[in-house]
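J.: This is the structure I have questions about; it appears just below.
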Amino acid sequence: MPDPKVGVALGSGAARGLANLGVLQVLVEEGIPIEIACGTSAGAVVAGLFAAGSDLKLLGRMVQELDWNDLTSWTLRSRGLIVPDKIHNMLRLLTRDRRFEDLPIKAAVVATDLLTGEEVVLDRGSVADAVTASLSIPGVFVPVEKEGRLLVDGGLVNRVPGDLCRRLGADVVIAVDVGWAPLRSRVRHLPDVIIQTIDILSRQAAASRWVDCDILIEPELGNVRLTQLNRAAEIVEKGRQAAQKALPEIEALLAETA
């Protein structure tokens, strides 16, 4: 197969999803020719920023300075506790308000239609709008309304969208699954209850869904919890280590299919 198209499928996982960034850093440094980027939730953030041309090293430094106060604004609205305005504005800035149609790399992200339970592929229009929808944990974030749909976190329906990479034309799919955080032993407030409940249900749903990929990278994140942005440097480094470990397999596969 001449010049196989390589796609990356970046999985959900809140703070753990920062490992996707470390994986991509290594793949780019090693010259792996990525032509398609798909992601869900935290993976959608990384995929969208990468496809929009963001500097991955700079992003790695930036996430070490973030905390949840930088990303959240509490609200009294009936559909959620947090409006995603801060995250959305940051994404608009980092993507330079680009549209999928204008990206140098083909990209798409996954959201869930809260009204029907259907998987929704977002690959047109504003990248920032789509990524914000993909990461909006239901009950915590106010859902994103788009084209008559009420969109929330894509991790409910497709945690690691390798199949989406295939549909976009990838011959070789490299997927990243950041695994499951340990369940909380203490649940202190409503966001904890919602996040823990969704996590438990997502584990059950994911158990019956196979990740469509040629190579699966699974960073060893151990006891890193979903909300631990304070461990960003460690999480990104774990992603880098997992990618470096997978490099011989990736290079061998690309040589085979060339």
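Here's how to read the names in the structure tokens: chain A, B, ... by the order shown, residue numbers from 1 in each chain, ligand numbers from 1 in the order shown.
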Neighbours of Leu115 of chain A within 12 Å (only C-alpha atoms; same-chain residues fewer than 3 positions away dropped), as an NGL selection string?

T.: :A and (112 or 118-120 or 138 or 143-145 or 148-152)

J.: Find the residues around segment 167-172 of chain A up to 10 Å (only C-alpha atoms counted), leave out those fewer than 2 positions away in its own chain, and share them as a ChimeraX atom specification.

T.: /A:1,3-8,34-38,106-108,162-165,174-175,213-215,250,253-254,257

J.: Nearest to Asp123 of chain A among A:Ala51, A:Leu24, A:Val176, A:Leu56, with distances taken over only C-alpha atoms: which residue is it?

T.: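 Nearest to Asp123 of chain A: A:Ala51.
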
J.: Can you check which residues of segment 84-214 of chain A DSSP gives as alpha helix (DSSP H) on the backbone and send them as a short mmCIF file (atom, residue, chain, number, x, y, z; two decimals) with N, CA and C atoms, in the first residue's frame?

T.:
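That gives us result_22.cif:
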```cif
data_model
loop_
_atom_site.label_atom_id
_atom_site.label_comp_id
_atom_site.auth_asym_id
_atom_site.auth_seq_id
_atom_site.Cartn_x
_atom_site.Cartn_y
_atom_site.Cartn_z
N ASP A 85 -18.18 28.50 28.97
CA ASP A 85 -17.70 29.69 28.27
C ASP A 85 -16.19 29.85 28.34
N LYS A 86 -15.59 29.63 29.51
CA LYS A 86 -14.14 29.81 29.65
C LYS A 86 -13.38 28.82 28.77
N ILE A 87 -13.81 27.56 28.80
CA ILE A 87 -13.17 26.55 27.96
C ILE A 87 -13.35 26.91 26.49
N HIS A 88 -14.56 27.30 26.12
CA HIS A 88 -14.85 27.62 24.73
C HIS A 88 -13.98 28.79 24.24
N ASN A 89 -13.87 29.82 25.06
CA ASN A 89 -13.05 30.98 24.67
C ASN A 89 -11.58 30.60 24.52
N MET A 90 -11.09 29.75 25.42
CA MET A 90 -9.70 29.30 25.32
C MET A 90 -9.49 28.48 24.05
N LEU A 91 -10.46 27.62 23.73
CA LEU A 91 -10.34 26.81 22.51
C LEU A 91 -10.39 27.68 21.26
N ARG A 92 -11.23 28.69 21.27
CA ARG A 92 -11.27 29.61 20.12
C ARG A 92 -9.92 30.28 19.92
N LEU A 93 -9.30 30.68 21.02
CA LEU A 93 -8.00 31.34 20.93
C LEU A 93 -6.94 30.37 20.41
N LEU A 94 -6.89 29.17 20.98
CA LEU A 94 -5.83 28.22 20.65
C LEU A 94 -5.99 27.63 19.24
N VAL A 127 -14.25 24.50 15.08
CA VAL A 127 -13.57 23.46 15.86
C VAL A 127 -13.83 23.66 17.35
N ALA A 128 -13.76 24.90 17.81
CA ALA A 128 -13.97 25.19 19.23
C ALA A 128 -15.37 24.79 19.68
N ASP A 129 -16.37 25.07 18.85
CA ASP A 129 -17.75 24.69 19.19
C ASP A 129 -17.87 23.17 19.32
N ALA A 130 -17.29 22.45 18.38
CA ALA A 130 -17.40 20.99 18.36
C ALA A 130 -16.69 20.37 19.56
N VAL A 131 -15.50 20.84 19.85
CA VAL A 131 -14.73 20.28 20.97
C VAL A 131 -15.44 20.57 22.29
N THR A 132 -16.00 21.76 22.42
CA THR A 132 -16.74 22.09 23.64
C THR A 132 -17.91 21.14 23.84
N ALA A 133 -18.62 20.82 22.77
CA ALA A 133 -19.71 19.86 22.88
C ALA A 133 -19.21 18.49 23.29
N SER A 134 -18.10 18.06 22.71
CA SER A 134 -17.58 16.72 22.96
C SER A 134 -17.17 16.50 24.40
N GLY A 162 -11.67 4.98 17.11
CA GLY A 162 -10.87 4.41 16.02
C GLY A 162 -11.70 4.16 14.77
N ASP A 163 -12.95 3.74 14.96
CA ASP A 163 -13.83 3.49 13.81
C ASP A 163 -14.07 4.77 13.02
N LEU A 164 -14.11 5.90 13.70
CA LEU A 164 -14.29 7.17 13.01
C LEU A 164 -13.08 7.50 12.14
N CYS A 165 -11.89 7.20 12.65
CA CYS A 165 -10.67 7.37 11.82
C CYS A 165 -10.77 6.55 10.54
N ARG A 166 -11.25 5.33 10.66
CA ARG A 166 -11.41 4.47 9.47
C ARG A 166 -12.36 5.13 8.47
N ARG A 167 -13.49 5.63 9.00
CA ARG A 167 -14.49 6.22 8.10
C ARG A 167 -13.96 7.47 7.40
N LEU A 190 -22.38 17.32 44.52
CA LEU A 190 -23.12 16.88 43.34
C LEU A 190 -22.24 16.56 42.13
N PRO A 191 -21.26 17.40 41.76
CA PRO A 191 -20.41 17.03 40.63
C PRO A 191 -19.72 15.67 40.83
N ASP A 192 -19.29 15.38 42.05
CA ASP A 192 -18.69 14.07 42.33
C ASP A 192 -19.69 12.94 42.04
N VAL A 193 -20.93 13.14 42.49
CA VAL A 193 -21.96 12.11 42.29
C VAL A 193 -22.18 11.89 40.79
N ILE A 194 -22.29 12.98 40.03
CA ILE A 194 -22.55 12.86 38.59
C ILE A 194 -21.39 12.19 37.88
N ILE A 195 -20.18 12.67 38.13
CA ILE A 195 -19.00 12.13 37.45
C ILE A 195 -18.80 10.66 37.79
N GLN A 196 -18.96 10.30 39.07
CA GLN A 196 -18.79 8.90 39.47
C GLN A 196 -19.85 8.01 38.81
N THR A 197 -21.09 8.49 38.75
CA THR A 197 -22.16 7.71 38.13
C THR A 197 -21.89 7.48 36.65
N ILE A 198 -21.52 8.54 35.94
CA ILE A 198 -21.22 8.42 34.52
C ILE A 198 -20.04 7.49 34.29
N ASP A 199 -19.04 7.58 35.16
CA ASP A 199 -17.86 6.72 35.03
C ASP A 199 -18.25 5.25 35.16
N ILE A 200 -19.08 4.93 36.13
CA ILE A 200 -19.50 3.54 36.34
C ILE A 200 -20.29 3.03 35.12
N LEU A 201 -21.22 3.84 34.63
CA LEU A 201 -22.02 3.43 33.48
C LEU A 201 -21.17 3.31 32.22
N SER A 202 -20.19 4.22 32.08
CA SER A 202 -19.32 4.17 30.90
C SER A 202 -18.46 2.92 30.88
N ARG A 203 -18.01 2.48 32.03
CA ARG A 203 -17.22 1.25 32.10
C ARG A 203 -18.03 0.07 31.58
N GLN A 204 -19.29 0.02 31.98
CA GLN A 204 -20.14 -1.09 31.55
C GLN A 204 -20.38 -1.04 30.05
N ALA A 205 -20.61 0.17 29.52
CA ALA A 205 -20.86 0.31 28.08
C ALA A 205 -19.61 -0.02 27.28
N ALA A 206 -18.45 0.43 27.75
CA ALA A 206 -17.21 0.23 27.01
C ALA A 206 -16.79 -1.24 26.98
#
```

J.: Would you pick out the contacts of Gly60 of chain A at 9 Å or less, using only C-alpha atoms, so that residues sharing its chain but fewer than 6 positions from it are not included, and give the list as an NGL selection string?

T.: :A and (18 or 21-22 or 25 or 232-233 or 236)

J.: In terms of the shortest atom-to-atom distance over only C-alpha atoms, which of A:Gly13, A:Gly239, A:Pro248, A:Pro161 is closest to Arg209 of chain A?

T.: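 Counting only C-alpha atoms, the residue closest to Arg209 of chain A is A:Pro161.
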
J.: Could you find all residues in segment 30-93 of chain A that DSSP calls strand (DSSP E) from the backbone, and write them as a list in words?

T.: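 Answer for segment 30-93 of chain A, restricted to strand (DSSP E): Ile34, Glu35, Ile36, Ala37, Cys38, Gly39, Thr40, Ser73, Trp74, Ile82 and Val83 of chain A.
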
J.: With distances taken over only C-alpha atoms, which of A:Arg159, A:Arg231, A:Arg184, A:Arg61 is nearest to Trp210 of chain A?

T.: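 With only C-alpha atoms as the atom set, the closest residue is A:Arg159.
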